[in-house]
Every structure is written in structure tokens, then in C-alpha cells.
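File shown here: final-v1.txt, holding compact mmCIF, C-alpha atoms.
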# COMPACT_ATOMS: atom_id res chain seq x y z
CA MET A 16 10.78 19.31 -32.71
CA THR A 17 13.88 21.49 -32.27
CA THR A 18 15.99 21.54 -29.12
CA ARG A 19 14.50 24.95 -28.29
CA ASP A 20 10.96 23.56 -28.73
CA ARG A 21 11.77 20.62 -26.51
CA SER A 22 13.16 22.90 -23.82
CA ALA A 23 10.06 25.10 -23.97
CA HIS A 24 7.70 22.15 -23.66
CA SER A 25 9.77 20.63 -20.84
CA ALA A 26 9.47 23.96 -19.06
CA ASP A 27 5.67 23.73 -19.45
CA ALA A 28 5.64 20.24 -17.89
CA ASN A 29 7.89 21.47 -15.09
CA ARG A 30 5.72 24.54 -14.43
CA LEU A 31 2.43 22.62 -14.49
CA ALA A 32 3.74 19.93 -12.14
CA THR A 33 5.22 22.47 -9.75
CA THR A 34 2.06 24.59 -9.78
CA PHE A 35 -0.10 21.51 -9.14
CA PHE A 36 1.76 20.61 -5.94
CA GLU A 37 1.98 24.25 -4.82
CA SER A 38 -1.81 24.42 -5.13
CA LEU A 39 -2.19 21.33 -2.94
CA ASN A 40 0.18 22.81 -0.37
CA ARG A 41 -2.14 25.83 -0.20
CA GLY A 42 -5.12 23.51 0.20
CA ASP A 43 -6.62 24.81 -3.05
CA VAL A 44 -8.25 21.87 -4.87
CA ASP A 45 -9.96 24.12 -7.43
CA ALA A 46 -6.64 25.69 -8.44
CA ALA A 47 -5.02 22.26 -8.71
CA LEU A 48 -7.87 20.92 -10.87
CA SER A 49 -7.89 24.02 -13.09
CA LEU A 50 -4.56 22.81 -14.50
CA PHE A 51 -6.20 19.73 -16.09
CA SER A 52 -7.81 19.40 -19.50
CA SER A 53 -11.56 18.76 -19.47
CA SER A 54 -11.21 15.01 -20.14
CA ALA A 55 -7.97 14.41 -18.22
CA ALA A 56 -7.45 10.99 -16.68
CA PHE A 57 -6.59 10.63 -13.00
CA GLU A 58 -5.32 7.45 -11.35
CA ILE A 59 -4.08 6.73 -7.84
CA VAL A 60 -2.58 3.26 -8.27
CA PRO A 61 -2.31 2.16 -4.58
CA ALA A 62 -5.87 3.30 -3.83
CA ALA A 63 -7.27 1.57 -6.94
CA LEU A 64 -8.88 4.87 -7.96
CA ARG A 65 -9.16 5.54 -11.67
CA GLY A 66 -11.34 8.01 -13.53
CA THR A 67 -11.37 11.61 -14.64
CA ALA A 68 -9.68 14.53 -12.93
CA GLU A 69 -13.07 16.22 -12.73
CA ASN A 70 -14.66 13.39 -10.71
CA THR A 71 -12.06 11.00 -9.30
CA GLY A 72 -9.46 13.75 -8.98
CA ARG A 73 -11.81 16.08 -7.11
CA TYR A 74 -12.97 13.24 -4.83
CA PHE A 75 -9.43 12.10 -3.99
CA LEU A 76 -7.82 15.52 -3.55
CA SER A 77 -10.71 16.78 -1.42
CA ALA A 78 -10.52 13.67 0.78
CA LEU A 79 -6.75 14.04 1.05
CA LEU A 80 -6.92 17.67 2.16
CA THR A 81 -9.79 17.00 4.56
CA ALA A 82 -7.87 14.14 6.16
CA PHE A 83 -4.57 16.04 6.26
CA PRO A 84 -5.31 19.78 6.60
CA ASP A 85 -1.60 20.51 7.13
CA LEU A 86 -0.63 18.55 4.01
CA LEU A 87 2.84 19.29 2.68
CA MET A 88 4.12 17.88 -0.61
CA GLN A 89 7.89 18.39 -0.74
CA ILE A 90 9.36 17.77 -4.18
CA ARG A 91 12.65 15.83 -4.04
CA SER A 92 13.26 15.40 -7.77
CA LEU A 93 11.60 16.49 -10.98
CA MET A 94 12.31 14.91 -14.35
CA THR A 95 10.70 16.50 -17.40
CA THR A 96 10.35 15.69 -21.08
CA PRO A 97 8.31 17.73 -23.58
CA ASN A 98 5.08 16.02 -22.48
CA LEU A 99 5.79 14.35 -19.14
CA ALA A 100 6.84 15.33 -15.63
CA VAL A 101 7.89 12.64 -13.17
CA VAL A 102 7.92 13.99 -9.64
CA GLU A 103 9.42 12.25 -6.63
CA LEU A 104 8.23 13.80 -3.40
CA LYS A 105 7.60 13.32 0.28
CA MET A 106 4.01 13.75 1.43
CA GLU A 107 3.62 14.82 5.05
CA GLY A 108 0.65 15.61 7.22
CA THR A 109 -1.21 14.91 10.45
CA GLN A 110 -4.40 12.92 10.16
CA ALA A 111 -7.51 14.82 11.21
CA ALA A 112 -10.26 12.76 9.54
CA GLU A 113 -10.91 9.34 8.00
CA PHE A 114 -8.84 8.70 4.87
CA LEU A 115 -9.38 5.87 2.36
CA GLY A 116 -11.17 3.88 5.04
CA VAL A 117 -8.51 4.49 7.71
CA LEU A 118 -9.95 5.87 10.94
CA ASN A 119 -8.37 9.00 12.36
CA GLN A 120 -5.87 8.32 15.14
CA GLU A 121 -4.15 11.71 14.71
CA LYS A 122 -0.96 10.06 13.48
CA HIS A 123 1.69 11.90 11.50
CA LEU A 124 2.24 10.65 7.98
CA ASP A 125 5.39 10.90 5.92
CA LEU A 126 5.39 8.96 2.71
CA ASP A 127 7.68 8.86 -0.32
CA GLN A 128 5.71 8.98 -3.56
CA ALA A 129 6.18 9.30 -7.32
CA TRP A 130 3.68 11.10 -9.55
CA MET A 131 3.58 11.13 -13.36
CA LEU A 132 1.86 14.05 -15.08
CA TRP A 133 1.43 14.07 -18.86
CA VAL A 134 0.88 17.49 -20.43
CA ASN A 135 -0.36 18.81 -23.75
CA ASP A 136 -1.40 22.31 -24.87
CA ASP A 137 -0.51 23.77 -21.47
CA LYS A 138 -2.82 21.40 -19.58
CA ILE A 139 -2.33 18.21 -17.61
CA THR A 140 -3.97 15.43 -19.64
CA ASP A 141 -3.16 12.40 -17.50
CA LEU A 142 -1.98 11.87 -13.93
CA ARG A 143 -0.83 8.67 -12.26
CA ALA A 144 0.53 8.34 -8.70
CA TYR A 145 2.49 5.54 -7.08
CA TRP A 146 3.29 4.86 -3.45
CA CYS A 147 3.27 2.02 -0.97
CA GLN A 148 -0.08 1.72 0.78
CA ASN A 149 1.51 -0.60 3.36
CA GLN A 150 3.76 2.28 4.46
CA LEU A 151 0.74 4.58 4.63
CA TYR A 152 -1.19 2.06 6.74
CA ARG A 153 1.84 1.49 9.00
CA ARG A 154 2.25 5.23 9.63
CA LEU A 155 -1.47 5.54 10.40
CA ALA A 156 -1.38 2.59 12.85
CA VAL A 157 -3.41 0.12 10.80
CA LYS A 158 -2.52 -3.43 11.85
CA ARG A 159 -4.10 -5.65 9.21
CA LEU A 160 -4.94 -5.27 5.53
CA ASP A 161 -8.29 -7.02 6.06
CA ARG A 162 -9.25 -4.67 8.93
CA ILE A 163 -8.34 -1.22 7.67
CA SER A 164 -11.12 0.47 9.65
CA ILE A 165 -10.63 -1.32 12.96
CA LEU A 166 -8.59 0.24 15.75
CA GLY A 167 -6.09 -1.72 17.82
CA MET B 30 15.75 11.69 -25.56
CA ASN B 31 19.11 10.25 -24.56
CA SER B 32 18.95 6.93 -26.46
CA ASP B 33 21.98 5.49 -24.61
CA ALA B 34 20.19 6.05 -21.34
CA THR B 35 17.00 4.32 -22.44
CA TRP B 36 19.00 1.54 -24.13
CA ILE B 37 20.84 0.53 -20.93
CA VAL B 38 17.62 0.62 -18.91
CA GLN B 39 15.88 -1.58 -21.48
CA ALA B 40 18.87 -3.97 -21.27
CA PHE B 41 18.47 -4.00 -17.49
CA PHE B 42 14.83 -5.16 -17.74
CA ASP B 43 15.69 -7.69 -20.46
CA SER B 44 18.35 -9.17 -18.14
CA TYR B 45 15.90 -9.16 -15.23
CA ARG B 46 13.42 -11.11 -17.38
CA LEU B 47 16.18 -13.66 -18.10
CA HIS B 48 17.03 -13.86 -14.36
CA ASP B 49 20.59 -12.85 -15.20
CA VAL B 50 21.47 -10.87 -12.06
CA ASP B 51 25.12 -10.49 -13.07
CA ALA B 52 24.00 -8.86 -16.33
CA MET B 53 21.64 -6.57 -14.39
CA VAL B 54 24.52 -5.51 -12.16
CA SER B 55 26.80 -5.01 -15.17
CA CYS B 56 24.32 -2.41 -16.47
CA CYS B 57 25.16 -0.36 -13.37
CA SER B 58 28.21 1.64 -12.33
CA GLU B 59 30.50 0.33 -9.59
CA LEU B 60 28.95 2.50 -6.89
CA ALA B 61 25.40 2.68 -8.27
CA GLU B 62 22.78 3.60 -5.68
CA PHE B 63 19.78 1.43 -4.93
CA HIS B 64 16.53 2.66 -3.36
CA TYR B 65 13.54 0.29 -3.22
CA ILE B 66 11.28 2.70 -1.33
CA PRO B 67 8.53 0.30 -0.15
CA PHE B 68 10.98 -2.33 1.09
CA GLU B 69 10.83 -2.15 4.89
CA VAL B 70 11.22 -5.08 7.27
CA TRP B 71 10.30 -3.95 10.77
CA GLY B 72 12.16 -5.82 13.51
CA LYS B 73 11.87 -5.21 17.25
CA GLN B 74 14.93 -2.98 17.40
CA ARG B 75 15.59 -1.82 13.86
CA VAL B 76 14.06 -1.38 10.44
CA LEU B 77 15.76 -3.00 7.47
CA ARG B 78 15.28 -0.84 4.37
CA GLY B 79 15.90 -1.40 0.68
CA ASP B 80 18.46 1.37 0.64
CA GLY B 81 22.12 1.10 -0.31
CA LYS B 82 24.19 0.11 -3.30
CA VAL B 83 23.27 -2.05 -6.28
CA ARG B 84 26.28 -4.32 -5.74
CA THR B 85 25.43 -5.04 -2.12
CA ILE B 86 21.72 -4.60 -1.31
CA GLY B 87 20.33 -4.67 -4.87
CA LYS B 88 22.09 -7.83 -5.99
CA VAL B 89 21.02 -9.68 -2.83
CA LEU B 90 17.38 -8.60 -3.15
CA TRP B 91 17.15 -9.45 -6.86
CA THR B 92 18.74 -12.87 -6.29
CA GLY B 93 16.40 -13.61 -3.39
CA LEU B 94 13.33 -12.47 -5.27
CA ILE B 95 14.16 -14.71 -8.23
CA GLN B 96 14.73 -17.68 -5.89
CA SER B 97 11.39 -17.08 -4.14
CA PHE B 98 9.52 -16.47 -7.42
CA PRO B 99 11.21 -18.74 -10.00
CA ASP B 100 8.91 -17.61 -12.83
CA LEU B 101 9.41 -13.91 -12.01
CA THR B 102 8.97 -11.71 -15.08
CA ASN B 103 8.43 -8.10 -16.04
CA GLU B 104 6.51 -6.27 -18.72
CA VAL B 105 7.55 -2.71 -19.52
CA GLN B 106 4.61 -0.41 -20.34
CA THR B 107 6.34 2.99 -20.42
CA LEU B 108 10.02 3.82 -20.88
CA VAL B 109 10.81 7.54 -21.18
CA GLY B 110 14.10 9.40 -20.93
CA ASP B 111 15.09 13.04 -20.78
CA GLU B 112 18.25 14.67 -22.13
CA SER B 113 20.09 14.52 -18.81
CA GLY B 114 20.23 10.75 -18.35
CA ASN B 115 17.03 10.41 -16.31
CA VAL B 116 14.72 7.55 -17.27
CA ALA B 117 11.27 6.65 -15.95
CA VAL B 118 9.80 3.19 -16.43
CA GLU B 119 6.36 1.83 -15.66
CA ALA B 120 6.52 -1.95 -15.51
CA THR B 121 4.40 -4.78 -14.20
CA LEU B 122 6.25 -7.45 -12.25
CA SER B 123 4.66 -10.83 -11.68
CA GLY B 124 5.61 -14.22 -10.34
CA THR B 125 4.45 -17.30 -8.46
CA GLN B 126 5.79 -17.81 -4.95
CA ALA B 127 7.80 -20.99 -4.35
CA ARG B 128 9.70 -20.01 -1.18
CA VAL B 129 9.33 -17.74 1.81
CA TRP B 130 10.02 -14.10 0.87
CA GLY B 131 10.91 -11.95 3.88
CA THR B 132 7.97 -12.18 6.27
CA ILE B 133 5.67 -13.65 3.60
CA ASP B 134 5.11 -17.39 3.96
CA ASN B 135 4.89 -19.41 0.78
CA LEU B 136 1.24 -20.19 -0.03
CA GLY B 137 2.03 -20.82 -3.70
CA LYS B 138 0.14 -17.70 -4.77
CA ARG B 139 0.92 -15.42 -7.68
CA PHE B 140 1.40 -11.64 -7.65
CA THR B 141 1.06 -9.07 -10.41
CA VAL B 142 1.99 -5.56 -9.27
CA ARG B 143 2.59 -2.32 -11.15
CA HIS B 144 5.85 -0.51 -10.47
CA LEU B 145 7.37 2.87 -11.28
CA PHE B 146 11.16 2.95 -11.58
CA ARG B 147 13.37 6.03 -11.78
CA PHE B 148 16.87 5.58 -13.19
CA ARG B 149 19.77 7.97 -13.57
CA VAL B 150 22.33 7.04 -16.22
CA ASN B 151 25.84 8.50 -16.15
CA THR B 152 27.84 9.92 -19.06
CA GLU B 153 29.48 6.53 -19.56
CA GLY B 154 26.08 5.01 -20.27
CA LEU B 155 25.82 3.07 -17.00
CA ILE B 156 22.99 3.22 -14.47
CA GLU B 157 24.17 5.13 -11.41
CA SER B 158 20.91 5.16 -9.45
CA ILE B 159 17.77 3.02 -9.29
CA THR B 160 14.68 3.99 -7.31
CA ALA B 161 11.49 1.94 -7.33
CA TYR B 162 7.95 2.52 -6.10
CA TRP B 163 5.19 -0.06 -5.79
CA ASP B 164 2.36 -0.94 -3.44
CA SER B 165 3.53 -3.57 -0.96
CA ALA B 166 0.02 -3.86 0.47
CA GLU B 167 -1.22 -5.10 -2.91
CA PHE B 168 1.81 -7.39 -3.22
CA GLN B 169 1.22 -8.93 0.23
CA ARG B 170 -2.55 -9.15 -0.21
CA GLN B 171 -2.13 -11.13 -3.44
CA LEU B 172 0.31 -13.49 -1.70
CA GLY B 173 -2.09 -14.06 1.20
CA ARG B 174 -0.46 -12.02 3.98
CA VAL B 175 -2.71 -9.51 5.74
CA GLU B 176 -0.64 -8.57 8.79
CA ILE B 177 1.12 -5.20 8.69
CA ASP B 178 4.41 -5.41 10.60
Take the structure I supplied and represent it as C-alpha cells, if you would.
Amino acid sequence: MTTRDRSAHSADANRLATTFFESLNRGDVDAALSLFSSSAAFEIVPAALRGTAENTGRYFLSALLTAFPDLLMQIRSLMTTPNLAVVELKMEGTQAAEFLGVLNQEKHLDLDQAWMLWVNDDKITDLRAYWCQNQLYRRLAVKRLDRISILG
Amino acid sequence: MNSDATWIVQAFFDSYRLHDVDAMVSCCSELAEFHYIPFEVWGKQRVLRGDGKVRTIGKVLWTGLIQSFPDLTNEVQTLVGDESGNVAVEATLSGTQARVWGTIDNLGKRFTVRHLFRFRVNTEGLIESITAYWDSAEFQRQLGRVEID
């Protein structure tokens, strides 16, 4: 691959990653999922969710946007190679519904995260996200890991 | 890919596996930044964060972690660099607790937790920034602590 080819492919990874998070910021799950290949893998490491973008991705992103209708993903850094984008971002939102078993206490969430998106043929083929679930629980006022759904 | 950048990051993980903290630090520039995002210790009046410099905060945390988990090791799954000195690493860290670690009492349990590291390597081939992400809830759960501070 020439330097020009590498730059072009890196631009694709950059564009796909940026468009993905812009779609989430608009609350548009369908637009976000339209960027994935038909058999793309989707994994949220701290939530122990792993499957396809079509099923697991739709479930997770829909739940995320239902729980945080004012969701804002603010990209802090973006590293790209010809087939990978690594995005560091801050996720913010105010809880309005149950999320991953956490009852809604209308708390504000701000959480640093890192997402990896592999791309091929102008589609996202694999996504993996990392963050600290302890920080998420702390922001949402959960007190114990064995009682995620209990208030107080 | 910037091979120098990936080479120094690989050397960093090799040194970490050997518990050679001085060698880990020597992979980094004098003023290298250190950001362990999930590291938060909530006290009554302040929050202690894993934020600072490699030679102050990083060295202390690595040394303490190795003392608390004497068989601490890492396995690198993904190591990718771009042409600007940025490197991303997926690695699994594991170890068996032998001492108290922060607010986690020693129950002699073992942890295995996936991490994502982001490095920036300078033009001299030294790491100038380390940022790490992992799930502390999973880490604490495996070690037997269920309270969230």
C-alpha cells in the first residue's frame, strides 16, 4: 500500500468513526448502524455484551439513547490507521430510564471512554468499547456491585 | 506504521512482565504524562486520581501493583501504531493478590482484566504519554470487593 493509499484509508476510518458518533449525538441509531457491514461484530467490554452490530449493537445503542436522551459523545482524540480508528471521548448525559440494570435516579453522567472501530470497504466491521463500569455506577449513585438495581 | 513507536511500547510491556519498573520508566521521556482513567480513590474531602507524570504517579502505582500482585503479568493481544507516533494496545493484565491494594483487602483472589492503552511516542522514540482504560468494577468483583466508594 502506498503512502497515498494509506492516507486515503485512514481518512475512511476517521470519517466512519466521526459519522458514527455524530449519529449517536443526533439520537439516530439507524444511521449509526447503517455504517456497519452486515456481519460486523459489536462488543461493549464493561457490560459483557458481545454479538453482532445488527442485534447486540441495536440493543445496546437503543438502550443507551433511551436511558440518556440528551446523550453527548465528545471526541477528545482520534487515532487512525488504514483499517482502525481509536477514539477517546467523554460520554455525557442525564439518566431518564433504567440502563444496564441501573435504576433511574436522574443523575448526570460523564464518563471517559475509548472505542475501537475496525473498517474495511467503507464499512465498520468490528467495534469494541472500553470504560470503567465502576465510574458509571458511581456517577449513577449505585452503592454496591452486588445490588446494582437497589436504591440507597 | 512507525516501527520505532511500536518497538518502544512493546519494550514497555516486556519490562512490565519482568516487573522491571525502572526499565518501564526508561521507556518514557522525562516529563511523560500518565493517565490511568479508572483509577479513583474517593476520600471524604478529595478524590485521588491516577493522573500526573510517569516518574511520580506512574512509577508509584506500578511498584505498588507489583508488590500487591507478585505474579502480575500481561498478555498483549493488539498492538497498532499510526505514522504520527500514536500506538494503541489491547492487553490482558492478571495477577493474584498478596497484599492490600488501595481499598481492596487481600482475599488471595486472582484477577484477569482486559485493558486498552493509548500511547504517544515522541520523535526521539520515547513514550511521552500513557493513557489506560479498564473496568474497575470487574477488577474489584474478581478480587471480592463489592462496595462502590
When you look at range 141-158 of chain A with a cut-off of 9 Å (counting all atoms listed in the file), what residues show up, excluding the ones that are within fewer than 4 positions of it in the same chain? I need them as a ChimeraX atom specification.
/A:51-52,54-62,65,67-68,110,117-134,162-167 /B:66-67,69,143-145,162-167,169,175-178
Nearest residue to chain A out of B:Phe63, B:Phe168, B:Trp36, B:Trp91, using all atoms listed in the file?
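Among B:Phe63, B:Phe168, B:Trp36, B:Trp91, it is B:Phe168 that comes nearest to chain A.
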Could you jot down the CA of Lys105 in chain A to CA of Met88 in chain A separation for me, Å, one decimal place?
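Result for CA of Lys105 in chain A versus CA of Met88 in chain A: 5.8 Å, one decimal.
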Could you state the separation of CA of Val89 in chain B and CA of Ala34 in chain B in Å, given to one decimal place?
24.3 Å
Show me the residues close to (-14.2, 12.0, 2.2) - anything with an atom within 12 Å, counting only C-alpha atoms - and format the list as a ChimeraX atom specification.
/A:71,73-83,111-118
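Using only C-alpha atoms, the smallest distance between any of A:Thr109, A:Asn135, A:Ser49, A:Ser25 and chain B comes from A:Ser25.
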Report as a ChimeraX atom specification all protein, DNA and RNA residues lying within 9 Å of Gly173 in chain B, evaluated on all atoms listed in the file, omitting residues in the same chain fewer than 6 positions from it.
/B:133-136,138
Contacts of Asn98 in chain A within 12 Å, all atoms listed in the file, excl. fewer than 3 positions in-chain, as a ChimeraX atom specification
/A:20-32,94-95,101,131-142 /B:30,109-111
Interatomic distance (Å, one decimal) between CA of Val50 in chain B and CA of Gly87 in chain B:
9.6 Å
From the set A:Leu93, A:Ala46, A:Leu87, A:Leu160, which residue has the shortest atom-to-atom contact distance to chain B, counting all atoms listed in the file?
A:Leu160
Just checking: using only C-alpha atoms, which residue out of B:Thr107, B:Thr152, B:Thr125, B:Gln171 ends up closest to Leu99 in chain A?
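Closest candidate: B:Thr107.
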Residue nearest chain A - candidates B:Ile86, B:Ala127, B:Val142, B:Val105, atoms counted: all atoms listed in the file
B:Val142
Using only C-alpha atoms, the shortest atom-to-atom distance to chain A among B:Glu112, B:Asp51, B:Glu153, B:Asp33 belongs to B:Glu112
Around all the atoms of range 153-162 of chain A listed in the file, draw an axis-aligned box and extend it by 3 Å on each of the six sides; I want its centre and edge lengths in Å to one decimal, as AutoDock Vina command-line options.
--center_x -3.5 --center_y -0.7 --center_z 9.2 --size_x 17.5 --size_y 18.6 --size_z 13.3
Write out as a short mmCIF file (atom, residue, chain, number, x, y, z; two decimals) with C-alpha atoms, in the frame of the given file the residues lying within 9 Å of range 76-78 of chain B, counting only C-alpha atoms and excluding same-chain residues fewer than 3 positions away.
data_model
loop_
_atom_site.label_atom_id
_atom_site.label_comp_id
_atom_site.auth_asym_id
_atom_site.auth_seq_id
_atom_site.Cartn_x
_atom_site.Cartn_y
_atom_site.Cartn_z
CA HIS B 64 16.53 2.66 -3.36
CA TYR B 65 13.54 0.29 -3.22
CA ILE B 66 11.28 2.70 -1.33
CA PRO B 67 8.53 0.30 -0.15
CA PHE B 68 10.98 -2.33 1.09
CA GLU B 69 10.83 -2.15 4.89
CA VAL B 70 11.22 -5.08 7.27
CA TRP B 71 10.30 -3.95 10.77
CA GLY B 72 12.16 -5.82 13.51
CA LYS B 73 11.87 -5.21 17.25
CA GLY B 81 22.12 1.10 -0.31
#
If we count all atoms listed in the file and set the cut-off at 7 Å, which residues sit around Leu86 in chain A, ignoring sequence neighbours fewer than 4 positions away in its own chain? Please answer as number ranges by chain.
A: 40, 80, 107-108
Can you spit out the residues from that selection as a compact mmCIF listing (two decimals), keeping the file's coordinate frame, using C-alpha atoms?
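Saved the output as part_18.txt:
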# COMPACT_ATOMS: atom_id res chain seq x y z
CA ASN A 40 0.18 22.81 -0.37
CA LEU A 80 -6.92 17.67 2.16
CA GLU A 107 3.62 14.82 5.05
CA GLY A 108 0.65 15.61 7.22
